[in-house]
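Q: Below you'll find the structure I mean.
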Amino acid sequence: GCSSNEDPAETPETPGAETPGETPEEPAEGGVIYSNGGPIEFFEHPWLNPGSFLYNKTLFDHLIVADENLNPEEGQLAADYNISEDGMNLEFNLKEDLFWHDGEAITADDVKESIEYALKISGLNAVFASTFNAIKGAEEFVAGTADEIAGIVVDGNNIKIEFAKLAPDALLTFTQFAPLPMKHFEGEDPLNFQQSAFWQSPVGSGPFMVEEVKLNEYTTLKPFDKYHAGAPSFSIYLTPSPGDSDPNLVTNAQAGMVDYAFTKSVEAANSLKEVEGLNVTQVDIRYTRLFYPNKFPKADGTPSPLADAKVRQAIAYAIDMAAIAENLFKGAAVPANSLSPNEATKATGLNDYDYNPEKAKELLAEANWDEDYELDVVYYYTDQQTVDFMAAIQSYLKDVGIKMNFRLLEGDLGSLLWTPPADPVNGPSAVEWDLAYAANAALSLHEYYDRYQTGSSSNSHTPSDPKLDELIEATNSTFDTDEIVAAFQELQKYENETLFTIPLYYQPTFVIESDKIVKGAPAYGNPQFNYNWEIQNWEVKAD
Amino acid sequence: MSRKLDRKFDRILEREEKGLNGGKTMNRSLRKFLKNRLAIVGVVLFALILLASIFAPLLTSYDPLGVDMSSVLEAPSREHILGTDKIGRDIFSRVLYGGRISILVGLGSALGAAFIGVLLGAYAGYKGGKIDKFILRVSEIFMSFPQIVLVLLLVTILGQSLTNLLIIFILTGWGSVYRMTRARMLSIREEEYVQALRAFGLNDFIVAYKHMLPNAIGPILVNITLSTAMFILEEAALSFLGLGVPLEIATWGNILNAAQDQSVLLNNWWIWLPVGVVISLFVMAVNFMGDGLRDSTDPTQQG
Amino acid sequence: MEKETRENDVILRVKDLKTFFYTNNRCNRAINGVSFDIRKGKTLSIVGESGCGKSVTASSIMQLLPELSRIEEGEITYFSSDGEVNIEKLPKNGKKMRSLRGSDIAMIFQDPMTALNPVYTIGFQIVENLRAHMNMSRKDAKKRAVELLAQMGIPNPEQRVNEYPHQFSGGMRQRAMIAMAMSCNPKVLIADEPTTALDVTIQAQIFELMMKLKEDFDTAILLITHDMGVVNEVSDDMAVMYMGNIVESGETRDVIKHPAHPYTKALLQSIPILGKGRNQDLEPIRGSTPDPYNRPVGCQFRDRCDYMTEKCGEMPPEEMVSEDHMVRCWHWKEVLK
Amino acid sequence: MKKEREVLLSLNNVKTYFPVKKGVMKKTVGYVKAVDDISIDVYKGETLGLVGESGCGKTTLGKSILQLVPATDGEMNYNFDGDVKDLRTLDRKSLDAARKRMQIVFQDPHSSLNPSFTIYQSLSDPLKKFGVEKKEDRRKIIGDLLEAVNMRAEYMDRYPHEFSGGQRQRIGIARALSVNPELIVCDEAVSALDVSIQAQVLNLLKKLKEERDLTYIFITHDLSVVEYISDRIAVMYLGRIVELAEADELYKNKLHPYTQALLSAIFVAEPDRKTNRIILEGDVPSPMNPPSGCSFHPRCSYCMDVCKVERPALKKYEIDGTDHYVACHMVEQKKEGKYNGEI
Amino acid sequence: MFSYVIRRILSLIPMIFIITFLIYFGLELTPGDAVSHLIPPDALANVSPEQLEAVRESFGLNDPFLVRYFRWLGEMLQGNFGFSISSGVSISEIVMRNLSSTIELSVAALFISTVLGSILGLLSALKKGTLADNVLTVAGMIGVSIPQFFFGLVCILLFVLKWRIFPIRLLPHQTSFVDEMKVLFLPAMVLGISLTAGVMRYTRSSMLDALNKDYIKTARSKGLSEWRVNLVHGFRVALTPVVVLIGFRLPMLIGGSVVIESIFQRQGIGSTFVTAVRGQNYPLVMMIALFSVIAVLVSSFVVDILTAALDPRVKLE
Ligand SMILES: Nc1ncnc2c1ncn2[C@@H]1O[C@H](COP(=O)(O)OP(=O)(O)OP(=O)(O)O)[C@@H](O)[C@H]1O
Ligand SMILES: Nc1ncnc2c1ncn2[C@@H]1O[C@H](COP(=O)(O)OP(=O)(O)OP(=O)(O)O)[C@@H](O)[C@H]1O
Ligand SMILES: [Mg+2]
Ligand SMILES: [Mg+2]
């Protein structure tokens, strides 16, 4: 059976609380802030979604802290950091007197071991993975021919990382990647990382530490008095909820149990605006909802109806995203023209594919669209809104003469959605659908596009395209900011023209804060990532 | 109370003295059924909702799937009797068309379960022996799960679809019909007319299905109505949890699913209240009918 | 003089009793003018076919009629030691009526299988009766219950008193019922077909017991039965009932020897008599009893009667054949030959 | 005086046991010996009365003969017009032939007819099975049958609830007659009827027997009735026959103590007759564990030591020129002159 | 008695064996496995198939079906119910953790429905045919006809969202008994009331049944007072089937509170089961399914014992 847990009996203990000499002299004089997103079954590890959960953001510190736009700002665990001009060498010096919540010192070895361990787990964040895999010696380490990564050298508080190939997101990675006290994972199978007893009550390095865990009921976090940047003055009470769509958010808020939260649900945000004492702020983030059009020939050899770019464009024209965004999403979705969100550096002059059924019909006629063909559209979200959205699209497509059928995908999603064909050029397709409705959230722009390179292990829908390969390669081959921006703009234009993905809309997120938070974060960033929100300095009204 | 009874007695007596009260030819059960006012209310409500669902196209010109992004979340108005939902579909029309599926699931599962249960129960109950023991064991296995646990398990095993839901309900429902039929057959088996038929050496199937079954049908009918009600509720609950009929098909439960969103619950009563009321009314109608049937087929009840 | 004493002997008198049922919105004149006297320490049998109203008569006396029925008219007079009680006037479940039930007038039922509450011990059910009517401590009552069981010929009463009805055989249960009924020395014991559910050998046991108790306690018995043999052998007086009326009544011997009503006569001729073998002539009564909701006008028996004339379209009055021999028939003289 | 009569059915050591199951595992913990070793000949054209108290196995014996309840052991030799076969070993087809020759009439007028079928519907299937294919033929036959039992032919389209108990019982008889049987088992055919109706049915049965040359096995617990209708009477006690004789003979010379008690327990509607009642002690024991030896011994006032251990066999005695069978040690010893007590 | 218990338990073993096998087999037939649920679908795009394979291997999911089943069975027989695939927490711990909340809710609901239902049913039967009876009958009908979740939603809307009478969740400092009762009250009431109707109807018909019995006439013929006749003789007998009904409901409640738990945001066995089923978390699904099957079997066993205690005619053999 499961080998992950040698001794389950010691699971529920809170390691931090029982360390001798660590009794909190004084409970936080401040109040309590309530938030959702507490653990249900376990604390989710921070190496996949580094900041989705409030507990991950408060329990763990990172080497570097980023500003609200996720640009590296200054060291956090690191006193300073330094990256070479060509981006191939990175160096950190850890601060003195850093402690884990269990009272042990944080060492540079912890950082190194964390990186090594991360490469062995499944489901590592894509950006982390590409950065770590670029480190010199990582390949050998992963292949098992080396015991450690040769490219990471530790000397006292100093960590030197040498890359074998360019890692454009190296600094970004270290703003999000949380080193963990690796001694707690000794002897455990990295493949069962999440199943480790550690995640029942993790030991971190951040300003808050776990006080009490009552899974399914609540979790409380208290200030960590040895925090290097000064202990906070309040504690945190978390109610459990699954991921970022908490169905009970409104009820909880009305019961006065939400002081800080974020949600992607427009409805919830709208209801919350009406609750007294709550402030709702919309924050744009890198989160795109889109259709993956399957352009590979079918298993029986028939060509994909979507292989023709005109059809894809017709689909984009046929859908009145503006109306949907306004009505179904209550104005809280932004029609998208590219995978890349609307950031300052985005290419200009892109075609917005504004609602134009006539144009769509024309394009379809040009493409000889078969009226009898029924598009097979799949989705994997189980909420009502998705179904409503699908229904709306179905109705729009019907208007231009495209039949479509939508269904919820169940089962082994990994293979149903992302299995690439054995032959990435000619297919046939390894998946069955025509369009897949999905989301792309990315820490960096690279993450959005890298998978379209030929040979990627999860590109199930776009056949190899030398032009595309070339454009993607260009974004990854320099460490010069301007060059990167230019490369991405080229890529965006190509994407906008060919619609190898059909972007639908960008979804902002809503940050909810109550009046109880007198002084909050200095700026609003993407609440799902780690940025310099200075929670240790927040001021909270006492109850 | 006794004075009220006295008055009733006097009335009856008076009428009889006048020589009235002739020509009652109606079947006794039917008469009792009709006398049961609630049952009548049930039949009327049932017929009303059923007919409205069947003849939905005559009652509404809206397509239940017709998205109209220009009129979303509109409150009831002359245009849309029950308002519109988040993508501008007419709720009245959705409730009507949704009724088709919900009633189909409820009635279909109840009939399906009854069919299997009766088919097996009648024969096994009459014949006894190994077949009976075997089927009884199988039904025991099905019945040793709490219903909802079994349904959830089957939903994952078979996957979510309308047909699967029907199959699941039939699978989970036949056991009780089987047991009831079997029990009835066991007692009818001891009736002397059955013994007499056996003395002629008549074919088992003829004895079981032709001669005995009609006498067991009363409680079975009651069971069918009551389980129709149960299955409709169960479909609604499952759909509400998002585990029933796939969300893209309009059913009463799926329409109500929208109320999981608390802002809808708070602000858009027309999305969930009318459907909730319709489900309740329909189930109540079926229950009233079942109760009326039970009373009218139960000889021990007098009125 | 003779008449005087007979009058003084009466313990319970039913006069012109009518009890109707109102089920299914119809009126069933289940008993329609019934009169009889029960004499102190004597046994009165009521015989008649199924559905003629025997049980309803008994229930009327006990005021234990079901909900959809009522006593329309007539008198039920109980001559207690402290004056007459008009039972039909008492509130159904009032205090007075309750104090009569089970102590002055007790009843035993046809089916001892169902007449005892299965979840209480025999002792509990006897004690309950004792304590409802006599000021008795639980312990005394229990002791008395054991005595009673012993008296009824139940072996091992100390142990049996703590057993449940299902542990008793049919005959034993009926004995226990009798013990319960006799526990407060009732003046009148109503026995509604007490042996119908029992075997012949057990029936003989039960009747022997009842007759002995009647002697010992001077209890008057109203015995309801459909067995002419039983009537003949155990009762002092008898009344023949047909479709809600008593068609003939009188001293048992007298009635059986000289039946004055065609029905009584036909009844006696239609039952095989033990010992007469195959050669006796059974003369069945024609037809069957009429539908209670569709009773004939006048004499209820007329459609089945050999003596029927036009006159029978009218209900015959009660006439006296001899001093205590009453009959309701226009043609009783012809019947007597 | 004794005439050689043709045997129609001969039972040899017939036993019918019902297993008693108990507990979760439904283990058989014993047997109800409902019919326990019965041997008897049924002669063609006679009425054999079978009497006994409730639970002594009368019905079970009747049903075993008709193969409605499988007998556990023994032979049932039936005379198919000279061709004698054991009913228990017949194959399906010959069993059907046998079923045409034997029928049964039941006790309860309320459950003996299917309440949801008309009389025609109820009687039609058996006729169909025995080869009357055309509907008109069946209607004709059923009409005739109803007339044979003194009812009107058009009643065949009525439902059972429209008939009185006596009428239903007659329909039950008509059903039994529908296949023209030779042997009819009447299981308490008149017990549930009112006295006034009982006589109608008894006379009908007598009439039919004469008309159609039937043989009856007449089961009842009413001794007056059985005396009236039977040629021979068998008295049963706890699954066995304790006495068997011509009807008159039995009433004249009741040899078995149980028969004596049973007959004396009857109340008779003759005012001048004095009955010398023998009141038996105790109840009928359970057939699951009957007493050892003679099963009547605990209630018998003549009980001897041998009665407690040895089961008496049914022995034949010739009395007044007729065969009289008794199973009693006391009678046996007396006949042999060994017993000197009173009877 | 003791040997009865032992025999009963022994007779359950083959049943449980068959049932577990069927569940295991059924789950085997479903597409996908726990691993495909471990990682969110969006992130799955970044996990290579080899990695997934390795995870499967590490959980032993690649062994043949029978091997896995018997391994599971073997472990279970040794009292080792395994670990939840998603969290690695021991399953007995998860079940225990959720059970208390479910039991709390179920017991409260059962209590409410039993007390209310039997009293109302009794009244209704005694007042048969009166206005009160009719009102109760119709109310009972409505009670069994309104979907539980709809009733619950309306209650939440009114009592929690609109009028704010009851909290849906406690604040950290609210740990007193009164506070706990406050959160429990609404869901327990909703569940309890929706069950009450059934108990009431059942009690009524059972009571009417009992009142039709001959021994009620016997009791009246003894001159007992009406309440004694109705309660001591009638209700006492009518109670047996009601107790049986309630006994059979107990396990249903454990699984049947899924809906209530979901709308009232209570974590319990029901909601855990739904999550486990959705995540194809075999060991957990097996354990809860098994647990509920055992609950059914045990409660039918308890019902037997209760019936035997209530009805002297019934003997445990
Ligand atoms: N509870 C009842 N409800 C309706 N009608 C009843 C009820 N009890 C008796 N009757 C009717 O009253 C009439 C007399 O019935 P009763 O029970 O007195 O007959 P009985 O002489 O005691 O018959 P049996 O010998 O079968 O006991 C019948 O027509 C019967 O249908
Ligand atoms: N199907 C059966 N299974 C088990 N035991 C049975 C079955 N049928 C009859 N018995 C038992 O066999 C014994 C004889 O029953 P049977 O019905 O033959 O008696 P009977 O003489 O006809 O009695 P009655 O006069 O009551 O009809 C009884 O103890 C009865 O309980
Ligand atoms: Mg009666
Ligand atoms: Mg019998």
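Every chain in the structure tokens has a letter given in the order shown (A, B, ...), and although residue numbers restart at 1 in each chain, ligands are simply numbered from 1 in the order shown.
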Using only C-alpha atoms and all ligand atoms, tabulate the residues of chain E lying at most 12 Å from any atom of ligand 1, each with its closest atom pair and that distance in Å to one decimal, by chain and increasing residue number, as a Markdown table.

A:
```
| residue | atom | partner | partner_atom_place_in_ligand_line | distance |
| --- | --- | --- | --- | --- |
| E:Asn212 | CA | ligand 1 | 1 (N) | 9.8 |
| E:Lys213 | CA | ligand 1 | 1 (N) | 11.7 |
| E:Asp214 | CA | ligand 1 | 1 (N) | 11.4 |
| E:Lys217 | CA | ligand 1 | 1 (N) | 11.6 |
```

Q: Counting only C-alpha atoms and all ligand atoms, what are the residues, protein, DNA or RNA alike, that approach ligand 2 to within 8 Å? I want them as a PyMOL selection string.

A: chain D and resi 17-20+32-35+52-62+69+187-188+220-221+238-239+286-288

Q: Which residue, B:Phe169, B:Tyr62, B:Tyr178, B:Phe231, has the smallest gap to Val95 (chain B) when you use only C-alpha atoms?

A: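 Once distances to Val95 (chain B) are computed over only C-alpha atoms, the minimum belongs to B:Tyr62.
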
Q: Taking only C-alpha atoms and all ligand atoms and a cut-off of 7 Å, can you tell me which residues surround ligand 3, written as a PDB file with C-alpha atoms, in the first residue's frame?

A:
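Output file selection36.pdb follows:
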```pdb
ATOM      1  CA  SER C  50     -73.092 -15.345  11.012  1.00  0.00           C
ATOM      2  CA  GLY C  51     -73.864 -11.658  10.693  1.00  0.00           C
ATOM      3  CA  LYS C  54     -75.074 -11.485  18.009  1.00  0.00           C
ATOM      4  CA  SER C  55     -71.766  -9.771  18.606  1.00  0.00           C
ATOM      5  CA  ASP C 192     -69.053 -14.348  22.558  1.00  0.00           C
TER       6      ASP C 192
END
```

Q: Point out the residue among D:Ser10, D:Asn79, D:Ser124, D:Ser191 with the least atom-to-atom distance to ligand 4, counting only C-alpha atoms and all ligand atoms.

A: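 Checking each candidate against ligand 4, we get D:Ser191 as the closest.
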
Q: Write down, as a PyMOL selection string, each residue of chain E that has any atom within 7 Å of an atom of chain B, counting only C-alpha atoms.

A: chain E and resi 19+26-27+29-30+141-142+145-147+149-150+157+251-252+255-256+277+289+292-293+296-297

Q: Selected residues, N, CA and C atoms, written as a tab-separated table (two decimals), in the first residue's frame, please.

A:
```tsv
chain	number	residue	atom	x	y	z
E	19	ILE	N	-19.46	-7.96	-0.65
E	19	ILE	CA	-19.73	-6.54	-0.88
E	19	ILE	C	-18.43	-5.78	-1.15
E	26	GLY	N	-16.11	-2.60	-8.84
E	26	GLY	CA	-16.82	-1.48	-9.47
E	26	GLY	C	-15.89	-0.30	-9.65
E	27	LEU	N	-15.15	0.03	-8.59
E	27	LEU	CA	-14.25	1.17	-8.68
E	27	LEU	C	-13.17	0.92	-9.71
E	29	LEU	N	-13.55	-0.54	-12.45
E	29	LEU	CA	-14.08	-0.33	-13.79
E	29	LEU	C	-14.13	1.15	-14.16
E	30	THR	N	-14.12	2.02	-13.17
E	30	THR	CA	-14.26	3.43	-13.50
E	30	THR	C	-12.99	3.93	-14.15
E	141	MET	N	-47.51	15.17	4.95
E	141	MET	CA	-47.35	14.97	3.53
E	141	MET	C	-46.42	16.01	2.93
E	142	ILE	N	-46.69	17.25	3.31
E	142	ILE	CA	-45.85	18.32	2.81
E	142	ILE	C	-44.42	18.07	3.27
E	145	SER	N	-42.62	15.73	1.23
E	145	SER	CA	-42.53	16.07	-0.19
E	145	SER	C	-41.53	17.17	-0.52
E	146	ILE	N	-41.24	18.01	0.45
E	146	ILE	CA	-40.30	19.09	0.15
E	146	ILE	C	-38.88	18.54	0.13
E	147	PRO	N	-38.16	18.79	-0.92
E	147	PRO	CA	-36.78	18.30	-0.94
E	147	PRO	C	-36.00	18.85	0.25
E	149	PHE	N	-32.96	19.57	0.64
E	149	PHE	CA	-32.02	20.66	0.40
E	149	PHE	C	-32.75	21.97	0.14
E	150	PHE	N	-33.93	21.86	-0.44
E	150	PHE	CA	-34.70	23.08	-0.69
E	150	PHE	C	-35.15	23.68	0.64
E	157	LEU	N	-31.53	30.85	3.98
E	157	LEU	CA	-31.86	32.17	3.48
E	157	LEU	C	-32.51	33.00	4.58
E	251	PRO	N	-28.43	4.01	10.19
E	251	PRO	CA	-27.34	4.02	9.21
E	251	PRO	C	-27.65	4.91	8.02
E	252	MET	N	-28.93	5.02	7.67
E	252	MET	CA	-29.29	5.87	6.55
E	252	MET	C	-28.89	7.30	6.86
E	255	GLY	N	-25.20	8.13	6.08
E	255	GLY	CA	-24.90	8.48	4.70
E	255	GLY	C	-25.83	9.57	4.20
E	256	GLY	N	-27.00	9.60	4.78
E	256	GLY	CA	-28.05	10.43	4.23
E	256	GLY	C	-27.94	11.89	4.57
E	277	VAL	N	-15.19	9.84	-3.27
E	277	VAL	CA	-15.71	9.22	-4.47
E	277	VAL	C	-15.27	10.00	-5.69
E	289	ALA	N	-17.64	3.13	2.59
E	289	ALA	CA	-18.72	2.25	2.10
E	289	ALA	C	-18.85	1.05	3.03
E	292	SER	N	-20.41	2.02	6.21
E	292	SER	CA	-21.86	2.22	6.21
E	292	SER	C	-22.59	0.90	6.05
E	293	VAL	N	-21.98	-0.01	5.30
E	293	VAL	CA	-22.61	-1.33	5.19
E	293	VAL	C	-22.65	-1.99	6.56
E	296	VAL	N	-25.31	-0.55	8.58
E	296	VAL	CA	-26.63	-1.10	8.26
E	296	VAL	C	-26.81	-2.47	8.90
E	297	LEU	N	-25.79	-3.30	8.73
E	297	LEU	CA	-25.93	-4.65	9.26
E	297	LEU	C	-26.02	-4.64	10.78
```

Q: Given a cut-off of 8 Å, which residues of chain D touch chain C, counting only C-alpha atoms, written out as a PyMOL selection string?

A: chain D and resi 53-54+164+166+194-200+203+223-225+227-230+247-248+251+261-262+265-271+279-280+283

Q: Could you name the residues that touch Leu328 (chain A) at 12 Å or less, counting only C-alpha atoms, but leaving out those on the same chain fewer than 6 positions away, as a VMD selection string?

A: (chain A and resid 265 to 267 320 to 322 334 384 to 393) or (chain B and resid 67 to 73 85 to 89)

Q: Pick out each residue of region 109-253 of chain D that DSSP on the backbone tags as strand (DSSP E); I need them as a ChimeraX atom specification.

A: /D:183-187,215-220,232-237,240-246

Q: Select, from C:Gln110, C:Ser99, C:Asn135, C:Asn294, the residue with the minimum atom-to-atom distance to chain B, counting only C-alpha atoms.

A: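 Among the listed residues, the smallest separation from chain B belongs to C:Asn294.
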